[in-house]
Structure formats: structure tokens, C-alpha cells
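One file, my_file.cif, carrying mmCIF, C-alpha atoms:
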```cif
data_query
#
loop_
_atom_site.label_atom_id
_atom_site.label_comp_id
_atom_site.auth_asym_id
_atom_site.auth_seq_id
_atom_site.Cartn_x
_atom_site.Cartn_y
_atom_site.Cartn_z
CA ASP J 1038 12.38 -3.88 20.24
CA GLU J 1039 10.52 -5.45 17.28
CA MET J 1040 7.09 -5.15 18.92
CA GLU J 1041 7.46 -1.42 19.46
CA ARG J 1042 6.99 -0.91 15.72
CA TYR J 1043 3.53 -2.44 16.09
CA GLY J 1044 2.59 -0.49 19.19
CA GLY J 1045 3.28 -3.42 21.51
CA LEU J 1046 0.88 -6.08 22.73
CA PRO J 1047 -2.27 -4.98 24.56
CA ALA J 1048 -2.12 -5.69 28.28
CA LEU J 1049 -4.42 -8.33 29.74
CA PRO J 1050 -5.62 -8.43 33.32
CA SER J 1051 -3.55 -10.78 35.39
CA GLY J 1052 -3.46 -12.09 38.90
CA SER J 1053 -5.53 -14.39 41.03
CA GLY J 1054 -9.25 -14.13 40.75
CA LYS J 1055 -9.31 -12.00 37.60
CA THR J 1056 -10.79 -13.06 34.32
CA VAL J 1057 -10.72 -11.49 30.89
CA SER J 1058 -13.96 -9.74 29.96
CA PRO J 1059 -15.49 -10.24 26.52
CA GLU J 1060 -14.66 -6.63 25.66
CA GLU J 1061 -11.00 -7.06 26.67
CA ARG J 1062 -10.72 -10.31 24.72
CA GLU J 1063 -12.22 -8.67 21.63
CA ALA J 1064 -9.81 -5.74 21.89
CA PHE J 1065 -6.87 -8.10 22.29
CA GLU J 1066 -7.90 -10.19 19.28
CA GLU J 1067 -8.42 -7.10 17.14
CA LYS J 1068 -4.97 -5.80 18.06
CA MET J 1069 -3.32 -9.15 17.32
CA ALA J 1070 -5.11 -9.37 13.98
CA SER J 1071 -3.87 -5.86 13.13
CA ILE J 1072 -0.29 -6.81 14.04
CA TRP J 1073 -0.50 -10.00 11.97
CA LYS J 1074 -1.87 -8.11 8.94
CA GLN J 1075 0.84 -5.45 9.18
CA ARG J 1076 3.54 -8.11 9.49
CA GLN J 1077 2.24 -10.04 6.46
CA GLU J 1078 2.18 -6.85 4.38
CA GLU J 1079 5.80 -6.16 5.31
CA ILE J 1080 6.84 -9.71 4.37
CA GLN J 1081 5.01 -9.46 1.04
CA ASN J 1082 6.67 -6.13 0.26
CA VAL J 1083 10.12 -7.57 1.00
CA GLN J 1084 9.41 -10.61 -1.18
CA GLU J 1085 8.15 -8.47 -4.06
CA GLU J 1086 11.19 -6.22 -3.81
CA PHE J 1087 13.49 -9.24 -3.73
CA MET J 1088 11.83 -10.84 -6.75
CA ALA J 1089 11.90 -7.56 -8.67
CA ASP J 1090 15.64 -7.24 -8.05
CA MET J 1091 16.46 -10.88 -8.85
CA PRO J 1092 16.83 -10.52 -12.64
CA LYS J 1093 19.07 -7.50 -12.04
CA MET J 1094 21.18 -9.48 -9.59
CA LEU J 1095 21.44 -12.44 -11.97
CA LEU J 1096 22.50 -10.09 -14.78
CA GLN J 1097 25.21 -8.69 -12.51
CA ARG J 1098 26.47 -12.23 -11.87
CA ILE J 1099 26.52 -12.97 -15.61
CA ARG J 1100 28.48 -9.78 -16.26
CA TYR J 1101 30.95 -10.73 -13.54
CA VAL J 1102 31.60 -14.10 -15.18
CA LYS J 1103 32.03 -12.39 -18.55
CA GLY J 1104 34.51 -10.04 -16.89
CA TYR J 1105 36.43 -13.01 -15.57
CA LEU J 1106 36.60 -14.52 -19.06
CA GLU J 1107 38.07 -11.30 -20.44
CA ASN J 1108 41.12 -11.65 -18.19
CA PRO J 1109 40.94 -14.96 -16.28
CA ARG J 1110 44.57 -15.06 -15.27
CA GLU J 1111 44.44 -11.66 -13.59
CA HIS J 1112 41.27 -12.65 -11.73
CA ARG J 1113 42.86 -15.85 -10.45
CA GLU J 1114 46.02 -14.07 -9.35
CA THR J 1115 43.91 -11.58 -7.40
CA LEU J 1116 41.94 -14.42 -5.86
CA LEU J 1117 45.11 -16.20 -4.76
CA GLN J 1118 46.49 -12.98 -3.27
CA ASP J 1119 43.24 -12.28 -1.42
CA ARG J 1120 43.19 -15.78 0.01
CA LEU J 1121 46.78 -15.52 1.12
CA ALA J 1122 46.10 -12.17 2.78
CA ALA J 1123 43.01 -13.55 4.51
CA LYS J 1124 44.97 -16.53 5.77
CA GLN J 1125 47.78 -14.35 7.08
CA GLU J 1126 45.34 -12.06 8.84
CA GLU J 1127 43.27 -15.02 10.04
CA SER J 1128 40.22 -13.13 8.87
CA SER J 1129 38.66 -15.63 6.51
CA ASP J 1130 35.89 -16.20 9.06
CA ASN J 1131 35.37 -12.50 9.74
CA GLU J 1132 31.63 -11.92 10.09
CA ASP J 1133 31.90 -8.59 8.25
CA ASN J 1134 33.03 -10.47 5.10
CA ALA J 1135 30.91 -13.58 5.51
CA HIS J 1136 28.29 -12.56 2.92
CA VAL J 1137 30.48 -10.66 0.48
CA VAL J 1138 30.46 -12.13 -3.05
CA SER J 1139 33.80 -10.86 -4.26
CA ASP J 1140 35.42 -13.50 -6.48
CA ILE J 1141 34.53 -15.81 -9.33
CA VAL J 1142 34.14 -18.92 -7.14
CA GLU J 1143 31.76 -17.19 -4.74
CA VAL J 1144 29.81 -15.66 -7.64
CA LEU J 1145 29.25 -19.11 -9.12
CA LYS J 1146 28.21 -20.56 -5.77
CA ASP J 1147 25.73 -17.70 -5.45
CA VAL J 1148 24.39 -18.44 -8.93
CA GLU J 1149 24.00 -22.11 -7.99
CA TYR J 1150 22.00 -21.16 -4.90
CA HIS J 1151 19.58 -19.01 -6.87
CA VAL J 1152 19.07 -21.24 -9.93
CA THR J 1153 17.70 -24.01 -7.74
CA ASP J 1154 14.52 -21.95 -8.00
CA VAL J 1155 12.69 -22.69 -11.27
CA ASP J 1156 11.82 -19.05 -12.00
CA HIS J 1157 15.36 -17.87 -11.30
CA ALA J 1158 16.82 -20.61 -13.49
CA ARG J 1159 14.52 -19.56 -16.32
CA ASP J 1160 15.53 -15.91 -15.88
CA PHE J 1161 19.21 -16.87 -15.83
CA HIS J 1162 18.84 -18.67 -19.15
CA THR J 1163 16.74 -15.88 -20.71
CA LEU J 1164 19.39 -13.31 -19.73
CA GLY J 1165 22.05 -15.30 -21.60
CA GLY J 1166 23.74 -16.84 -18.61
CA TRP J 1167 23.67 -20.47 -19.77
CA PRO J 1168 26.37 -20.36 -22.49
CA VAL J 1169 28.57 -18.17 -20.29
CA LEU J 1170 28.26 -20.59 -17.39
CA VAL J 1171 28.85 -23.73 -19.46
CA SER J 1172 31.83 -22.20 -21.27
CA LEU J 1173 33.71 -22.16 -17.94
CA LEU J 1174 34.00 -25.94 -18.24
CA THR J 1175 36.64 -25.57 -20.96
CA ASP J 1176 40.28 -25.28 -19.90
CA ALA J 1177 41.18 -23.22 -22.97
CA LEU J 1178 39.03 -20.29 -21.85
CA HIS J 1179 40.93 -20.07 -18.58
CA TYR J 1180 44.11 -19.54 -20.56
CA PRO J 1181 42.76 -17.87 -23.69
CA SER J 1182 46.12 -17.12 -25.30
CA THR J 1183 46.18 -20.73 -26.53
CA GLY J 1184 42.94 -20.34 -28.47
CA LEU J 1185 40.63 -23.24 -29.23
CA ASP J 1186 41.58 -26.25 -31.28
CA ASP J 1187 39.75 -29.49 -32.01
CA ASP J 1188 40.18 -30.50 -28.38
CA ILE J 1189 37.95 -28.12 -26.49
CA ASN J 1190 39.73 -28.98 -23.23
CA SER J 1191 43.11 -28.28 -24.77
CA SER J 1192 46.08 -30.01 -23.18
CA ALA J 1193 48.18 -27.03 -24.26
CA ALA J 1194 46.11 -24.80 -22.00
CA THR J 1195 46.34 -27.21 -19.09
CA ALA J 1196 50.12 -27.53 -19.43
CA LEU J 1197 50.52 -23.80 -18.91
CA LEU J 1198 48.82 -23.86 -15.51
CA THR J 1199 50.82 -24.20 -12.31
CA ASP J 1200 49.55 -26.69 -9.72
CA GLU J 1201 48.19 -23.83 -7.63
CA ASP J 1202 46.50 -22.21 -10.61
CA ARG J 1203 45.19 -25.59 -11.75
CA GLY J 1204 43.53 -25.94 -8.36
CA ILE J 1205 41.78 -22.58 -8.75
CA VAL J 1206 40.55 -23.51 -12.24
CA ASP J 1207 39.25 -26.81 -10.85
CA GLU J 1208 37.38 -24.89 -8.13
CA ILE J 1209 35.82 -22.61 -10.74
CA GLN J 1210 34.82 -25.49 -12.97
CA SER J 1211 33.47 -27.43 -10.01
CA ALA J 1212 31.25 -24.49 -9.03
CA ALA J 1213 30.15 -24.05 -12.67
CA ALA J 1214 29.23 -27.73 -13.01
CA TRP J 1215 27.32 -27.56 -9.73
CA ALA J 1216 25.30 -24.58 -11.01
CA VAL J 1217 24.62 -26.35 -14.32
CA GLY J 1218 23.28 -29.41 -12.53
CA SER J 1219 21.15 -27.44 -10.07
CA ALA J 1220 19.65 -25.28 -12.82
CA VAL J 1221 18.24 -28.21 -14.82
CA LYS J 1222 17.68 -30.80 -12.13
CA ASN J 1223 14.26 -32.44 -12.32
CA HIS J 1224 12.73 -29.76 -14.58
CA GLU J 1225 11.44 -31.12 -17.87
CA GLU J 1226 11.04 -27.59 -19.23
CA PHE J 1227 14.83 -27.20 -19.19
CA HIS J 1228 15.71 -30.53 -20.86
CA SER J 1229 16.53 -28.80 -24.15
CA TRP J 1230 19.38 -26.87 -22.50
CA ALA J 1231 21.42 -30.07 -22.39
CA LEU J 1232 21.70 -30.13 -26.18
CA GLU J 1233 22.02 -26.44 -27.01
CA ASP J 1234 24.95 -25.92 -29.37
CA LEU J 1235 27.24 -23.48 -27.56
CA SER J 1236 30.01 -23.38 -30.15
CA GLN J 1237 29.28 -19.71 -30.85
CA ALA J 1238 29.87 -18.85 -27.20
CA PHE J 1239 33.62 -19.05 -27.84
CA ASP J 1240 35.87 -16.54 -29.56
CA PRO J 1241 36.74 -17.78 -32.07
CA PRO J 1242 33.79 -20.17 -32.36
CA ALA J 1243 34.54 -23.79 -31.58
CA PRO J 1244 35.14 -25.88 -34.74
CA LYS J 1245 32.50 -28.45 -33.85
CA PRO J 1246 29.22 -28.54 -31.87
CA VAL J 1247 29.64 -28.08 -28.14
CA THR J 1248 27.00 -28.92 -25.52
CA ALA J 1249 26.89 -29.04 -21.77
CA VAL J 1250 26.88 -32.85 -21.96
CA SER J 1251 29.97 -32.97 -24.20
CA LEU J 1252 31.97 -30.58 -22.01
CA LEU J 1253 31.09 -32.35 -18.78
CA LEU J 1254 32.07 -35.73 -20.22
CA ALA J 1255 35.34 -34.27 -21.51
CA ASN J 1256 36.20 -33.10 -18.02
CA ILE J 1257 35.62 -36.55 -16.53
CA GLU J 1258 37.45 -38.27 -19.39
CA ALA J 1259 40.50 -36.08 -18.72
CA TYR J 1260 41.00 -38.01 -15.47
CA ASN J 1261 41.05 -41.35 -17.32
CA THR J 1262 44.36 -40.75 -19.09
CA ASP J 1263 47.71 -42.20 -18.08
CA ASP J 1264 48.95 -38.65 -17.48
CA ALA J 1265 46.30 -38.04 -14.83
CA SER J 1266 47.54 -38.45 -11.29
CA SER J 1267 46.35 -41.58 -9.53
CA SER J 1268 45.69 -39.43 -6.48
CA LEU J 1269 43.53 -36.46 -7.43
CA SER J 1270 43.69 -33.20 -5.52
CA THR J 1271 40.74 -32.20 -3.36
CA ALA J 1272 39.71 -29.62 -5.96
CA ALA J 1273 39.93 -32.17 -8.76
CA GLN J 1274 37.87 -34.70 -6.80
CA SER J 1275 35.19 -32.09 -6.19
CA LYS J 1276 35.18 -31.11 -9.86
CA ARG J 1277 34.84 -34.72 -11.01
CA GLN J 1278 31.96 -35.27 -8.58
CA LYS J 1279 30.16 -32.07 -9.59
CA CYS J 1280 30.57 -32.88 -13.29
CA LEU J 1281 28.94 -36.26 -12.71
CA TYR J 1282 26.14 -34.56 -10.76
CA ALA J 1283 25.55 -32.18 -13.68
CA ILE J 1284 25.57 -35.01 -16.24
CA ALA J 1285 23.04 -36.94 -14.17
CA SER J 1286 20.83 -33.86 -13.90
CA LEU J 1287 20.96 -33.35 -17.67
CA VAL J 1288 20.34 -36.92 -18.86
CA ARG J 1289 17.94 -38.37 -16.29
CA ALA J 1290 14.41 -38.59 -17.73
CA ASN J 1291 15.73 -36.79 -20.82
CA PRO J 1292 15.83 -39.28 -23.73
CA ALA J 1293 17.43 -36.86 -26.21
CA ALA J 1294 20.25 -35.99 -23.82
CA ALA J 1295 20.67 -39.65 -22.89
CA GLN J 1296 21.07 -40.45 -26.59
CA GLN J 1297 23.81 -37.86 -26.97
CA PHE J 1298 25.42 -39.19 -23.79
CA LEU J 1299 25.49 -42.58 -25.51
CA GLU J 1300 26.81 -41.19 -28.81
CA LEU J 1301 29.63 -39.42 -26.96
CA ASN J 1302 30.63 -42.73 -25.34
CA GLY J 1303 29.47 -41.55 -21.95
CA PRO J 1304 28.92 -45.08 -20.59
CA ALA J 1305 32.42 -46.11 -21.73
CA ILE J 1306 33.99 -42.99 -20.19
CA LEU J 1307 32.32 -43.59 -16.85
CA GLY J 1308 33.14 -47.29 -17.11
CA THR J 1309 36.82 -46.46 -17.57
CA SER J 1310 36.63 -44.23 -14.50
CA LEU J 1311 35.22 -47.15 -12.53
CA ASP J 1312 37.94 -49.49 -13.82
CA ARG J 1313 40.64 -47.06 -12.68
CA ILE J 1314 39.07 -46.83 -9.25
CA MET J 1315 38.69 -50.57 -8.89
CA SER J 1316 42.29 -51.15 -9.99
CA ALA J 1317 43.46 -49.50 -6.77
CA ASN J 1318 43.73 -52.97 -5.21
CA GLY J 1319 41.39 -52.24 -2.33
CA ASP J 1320 42.93 -48.86 -1.52
CA ILE J 1321 39.88 -46.84 -2.55
CA SER J 1322 39.56 -43.34 -1.14
CA PRO J 1323 36.21 -42.06 0.21
CA ALA J 1324 36.01 -39.63 -2.72
CA ASP J 1325 36.53 -42.46 -5.23
CA ALA J 1326 33.97 -44.63 -3.44
CA LYS J 1327 31.41 -41.81 -3.55
CA PHE J 1328 32.06 -41.19 -7.24
CA ALA J 1329 31.76 -44.89 -8.06
CA SER J 1330 28.47 -45.22 -6.20
CA LYS J 1331 27.03 -42.22 -8.06
CA VAL J 1332 28.12 -43.68 -11.40
CA LEU J 1333 26.34 -46.93 -10.59
CA GLY J 1334 23.29 -45.00 -9.43
CA LEU J 1335 23.18 -43.06 -12.69
CA GLY J 1336 23.42 -46.29 -14.69
CA GLU J 1337 20.51 -47.76 -12.75
CA ASP J 1338 18.42 -44.62 -13.31
CA LEU J 1339 19.11 -44.62 -17.06
CA LEU J 1340 18.07 -48.26 -17.33
CA GLY J 1341 14.88 -47.37 -15.47
CA ASP J 1342 14.27 -44.51 -17.90
CA VAL J 1343 14.60 -46.92 -20.84
CA LEU J 1344 11.91 -49.15 -19.36
CA ILE J 1345 9.60 -46.19 -18.78
CA ASN J 1346 10.16 -44.80 -22.28
CA ASP J 1347 9.55 -48.17 -23.92
CA ASN J 1348 6.24 -48.49 -22.11
CA SER J 1349 5.14 -44.93 -22.87
CA ASN J 1350 6.05 -44.69 -26.58
CA GLY J 1351 5.37 -48.23 -27.69
CA GLY J 1352 9.01 -49.05 -28.36
CA ALA J 1353 9.45 -46.27 -30.95
CA ASN J 1354 13.16 -46.01 -30.17
CA THR J 1355 13.90 -49.68 -29.64
CA ALA J 1356 17.32 -49.58 -31.35
CA GLY J 1357 18.55 -46.63 -29.33
CA ASN J 1358 17.26 -48.10 -26.08
CA LYS J 1359 18.85 -51.45 -26.85
CA GLN J 1360 22.17 -49.76 -27.53
CA LEU J 1361 21.97 -47.85 -24.26
CA ILE J 1362 21.12 -51.01 -22.32
CA GLU J 1363 24.06 -52.86 -23.86
CA SER J 1364 26.43 -50.02 -23.03
CA LEU J 1365 25.33 -49.96 -19.40
CA THR J 1366 25.38 -53.69 -18.72
#
```

Will you turn the file into C-alpha cells for me?
Amino acid sequence: DEMERYGGLPALPSGSGKTVSPEEREAFEEKMASIWKQRQEEIQNVQEEFMADMPKMLLQRIRYVKGYLENPREHRETLLQDRLAAKQEESSDNEDNAHVVSDIVEVLKDVEYHVTDVDHARDFHTLGGWPVLVSLLTDALHYPSTGLDDDINSSAATALLTDEDRGIVDEIQSAAAWAVGSAVKNHEEFHSWALEDLSQAFDPPAPKPVTAVSLLLANIEAYNTDDASSSLSTAAQSKRQKCLYAIASLVRANPAAAQQFLELNGPAILGTSLDRIMSANGDISPADAKFASKVLGLGEDLLGDVLINDNSNGGANTAGNKQLIESLT
């Protein structure tokens, strides 16, 4: 019993006609205050221990992702085998395994959960996790034998993936995009992360500057080609949605990132996505409808940011703001 650790509650007189004396009330209140103080000390100790271990845990997650990147195909094959075994044994909901972080997708979901905290996000970046996380958004790194060419999301890499493997890569990239968006969301301190050149995070280094914004846009643009299926898989739909979420987190209230978004033809890319959705002749899936609404919401927010920036800086970037307005309207 939990209360036994605190010596239990002091007994009070009970029954008809009995009242609590001042001495008994004082003793009861003193005991309750002692229990409360002991409990608060225990909670504080747990919190301090948790916070002290958090950088270590984040470093372990970063190392796991790096380990995946050393041999991504083997990791994915193991993941597929584990899922198949779990399905056959009908043990995927086993309570003993419910909190085990044992594969790349779960590791990234765990990272996303923790980087929603400002301090944890800062620690994650300081420990070198940002370039490792963002690099997962490139197809070429999931099939490294192809190397990197001018197209960071190499079609050669994608062509070598089976449909099943493609689904796993989409899951990984979806989780990575989710973590990227959650890490920077609504924190002005982290705005600069959007434009960090991550070209050196690749081996060999990418031939041109690479940022989180450019990789996220490339992933969405990949679904605008004629080769892309008109009916995206569930994993692909989730990835597209999470990439948009991450882009929105990076460019909202971030003029420098919004400018790069414009220079990379972000409005045109998202506009093409909307055109493809609207060309479905009324047969729009719930996933497409959700994506379209978020695109429109992002456009509205960016236009609002332009108005705020114009008022706050006296129109110092009038040309850039005008160009952004024209691209969004």
C-alpha cells in the first residue's frame, strides 16, 4: 500500500457525539504536512534524475539513428521481420512490449515526443542530432549504394526500393519530419535551424547547400510528378502531411525561412499539389482534403506574417514581401 511508506494516516475519532480536539487536529495536520513534504521531495528527486538522464537518452537516440544510417537496408529488413513475427504471434499489443523502443520508427517517435520540450530540443541540437535527423528525409541515404547526385532525393535510390520497403522508408521519413516540426514549432530561438546548411552531413558531402526546408519541399514535390501514383499509400499520405507540418513549423513567423521557401518555389510546389488534388473531379479522399486545408492555412499564415513584418520593420523588405504575396495569391 502506498500510504504504508509514509506511516499511514493518523486516526481521527469517529462516531456519533464525538468531536476532534484541538490537539488531535494539530497532530493530524502535522502528520499530513509531513506526508506532503516527503511526497514532494520524492517527486523532485525523480524529476531531477529524469532531467539529468535526458541528454544521455537523447544521445543514445542519436547514436541509434546513426547506426541505422550505417546499414539502413539491414535495419529495415529486421523491422519487417519483427513486424511479421509480431503479427503471426498476435503479440503486437503485448503489454510487456508496449514501451520498448526497439526500431528506427519508434526511436524517431520517441525523439519527437521529447523535443516538444524546449530544453530537450535545445539539447538534441547541441548534441548534433539535428543534421542526423534531417538527413533521414533524403531517399539516397536509405539506399546508400547509389551515392548522392545533384538530386538529393535520387530517383535511382527510389527505383531500387520494393513497395514494402518504400512503405517503411516513408514511415521513417514521416516520423523524422514530425520530429523536425515539433522541435522548432513556435520557438523563435530555433528559427536559424531552418536554414542551416547540412550538406556536410552526407558522405560524400552533397554538391549543393541542403537545408531542412529544401529537403521537406523536395519530398512533397516528389508527389507532384506524373510518375507518382494518383492514390498514395497510407504511409505516403502520412509522410506528405508531416512534411507540410514541418515546413509550416519552420517558416511561420520566420522571415528568413519564408524567403528561402519562396526562392525554392515552395508556393508553386504546394500550388501544384493543390491542383492535382482538385483535378480528382470531386473524388477527394479525406487525406487529400486534410492536406489541402493545411496548405491553405499555411498560405493564410504567411500572408499574415507579411503584414506583421511590414508594420514592424517599416517595409524594409518590401520587394521580398511583394513577391511572396504574389506567389500566394

Please compute the CA of Ala1214 in chain J-CA of Asp1263 in chain J distance, one decimal, in Å. 24.0 Å

Residues within 10 Å of Asp1338 in chain J, only C-alpha atoms, excluding chain neighbours under 4 positions, as a ChimeraX atom specification: /J:1285,1288-1290,1332-1334,1342-1344

Non-local contacts of Gln1278 in chain J (9 Å; all atoms listed in the file; under 4 positions in same chain excluded) as a PDB file with C-alpha atoms, in the coordinates of the input:
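Contents of around_4.pdb, as written:
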```
ATOM      1  CA  SER J1211      33.470 -27.430 -10.010  1.00  0.00           C
ATOM      2  CA  ILE J1257      35.620 -36.550 -16.530  1.00  0.00           C
ATOM      3  CA  ALA J1273      39.930 -32.170  -8.760  1.00  0.00           C
ATOM      4  CA  GLN J1274      37.870 -34.700  -6.800  1.00  0.00           C
ATOM      5  CA  TYR J1282      26.140 -34.560 -10.760  1.00  0.00           C
ATOM      6  CA  ALA J1283      25.550 -32.180 -13.680  1.00  0.00           C
ATOM      7  CA  ALA J1324      36.010 -39.630  -2.720  1.00  0.00           C
ATOM      8  CA  LYS J1327      31.410 -41.810  -3.550  1.00  0.00           C
ATOM      9  CA  PHE J1328      32.060 -41.190  -7.240  1.00  0.00           C
ATOM     10  CA  LYS J1331      27.030 -42.220  -8.060  1.00  0.00           C
TER      11      LYS J1331
END
```

Residues selected by the PyMOL selection byres ((chain J and resi 1105) around 12), written as an mmCIF file with C-alpha atoms, in the frame of the given file:
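Written out: out-v5.cif:
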```cif
data_model
loop_
_atom_site.group_PDB
_atom_site.id
_atom_site.type_symbol
_atom_site.label_atom_id
_atom_site.label_comp_id
_atom_site.auth_asym_id
_atom_site.auth_seq_id
_atom_site.Cartn_x
_atom_site.Cartn_y
_atom_site.Cartn_z
ATOM 1 C CA ARG J 1098 26.470 -12.230 -11.870
ATOM 2 C CA ILE J 1099 26.520 -12.970 -15.610
ATOM 3 C CA ARG J 1100 28.480 -9.780 -16.260
ATOM 4 C CA TYR J 1101 30.950 -10.730 -13.540
ATOM 5 C CA VAL J 1102 31.600 -14.100 -15.180
ATOM 6 C CA LYS J 1103 32.030 -12.390 -18.550
ATOM 7 C CA GLY J 1104 34.510 -10.040 -16.890
ATOM 8 C CA LEU J 1106 36.600 -14.520 -19.060
ATOM 9 C CA GLU J 1107 38.070 -11.300 -20.440
ATOM 10 C CA ASN J 1108 41.120 -11.650 -18.190
ATOM 11 C CA PRO J 1109 40.940 -14.960 -16.280
ATOM 12 C CA ARG J 1110 44.570 -15.060 -15.270
ATOM 13 C CA GLU J 1111 44.440 -11.660 -13.590
ATOM 14 C CA HIS J 1112 41.270 -12.650 -11.730
ATOM 15 C CA ARG J 1113 42.860 -15.850 -10.450
ATOM 16 C CA GLU J 1114 46.020 -14.070 -9.350
ATOM 17 C CA THR J 1115 43.910 -11.580 -7.400
ATOM 18 C CA LEU J 1116 41.940 -14.420 -5.860
ATOM 19 C CA SER J 1139 33.800 -10.860 -4.260
ATOM 20 C CA ASP J 1140 35.420 -13.500 -6.480
ATOM 21 C CA ILE J 1141 34.530 -15.810 -9.330
ATOM 22 C CA VAL J 1142 34.140 -18.920 -7.140
ATOM 23 C CA VAL J 1144 29.810 -15.660 -7.640
ATOM 24 C CA LEU J 1145 29.250 -19.110 -9.120
ATOM 25 C CA VAL J 1169 28.570 -18.170 -20.290
ATOM 26 C CA LEU J 1170 28.260 -20.590 -17.390
ATOM 27 C CA SER J 1172 31.830 -22.200 -21.270
ATOM 28 C CA LEU J 1173 33.710 -22.160 -17.940
ATOM 29 C CA LEU J 1178 39.030 -20.290 -21.850
ATOM 30 C CA HIS J 1179 40.930 -20.070 -18.580
ATOM 31 C CA TYR J 1180 44.110 -19.540 -20.560
ATOM 32 C CA PRO J 1181 42.760 -17.870 -23.690
ATOM 33 C CA VAL J 1206 40.550 -23.510 -12.240
ATOM 34 C CA ILE J 1209 35.820 -22.610 -10.740
#
```

Mind listing as a ChimeraX atom specification all residues within 12 Å of (40.8, -46.4, -13.4), counting all atoms listed in the file? /J:1257-1269,1305-1318,1321,1325,1328-1329

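For the pair CA of Pro1292 in chain J and CA of Arg1277 in chain J, the interatomic distance is 23.3 Å.
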
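Proximity ranking of J:Thr1175, J:Asn1291, J:Ser1286, J:Gln1296 relative to Ala1255 in chain J places J:Thr1175 first, based on all atoms listed in the file.
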
With all atoms listed in the file as the basis for distance, which of J:Asp1176, J:Asp1160, J:Glu1233, J:Asp1207 is at the shortest distance from Asp1090 in chain J? J:Asp1160

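The gap separating CA of Cys1280 in chain J from CA of Asp1147 in chain J is 17.8 Å, in Å to one decimal.
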
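You can rank J:Arg1076, J:His1224, J:Lys1068, J:Lys1279 by their closest distance to Ala1158 in chain J using all atoms listed in the file, and at the top of that list sits J:His1224.
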
Write out as a PyMOL selection string which residues come within 10 Å of Phe1227 in chain J when counting all atoms listed in the file, dropping same-chain ones fewer than 6 positions away. chain J and resi 1155+1158-1159+1162+1220-1221+1287+1291

Evaluate the PyMOL selection byres ((chain J and resi 1235) around 12) on the structure here and hand back the selected residues as a VMD selection string. chain J and resid 1165 to 1175 1189 1230 to 1234 1236 to 1252
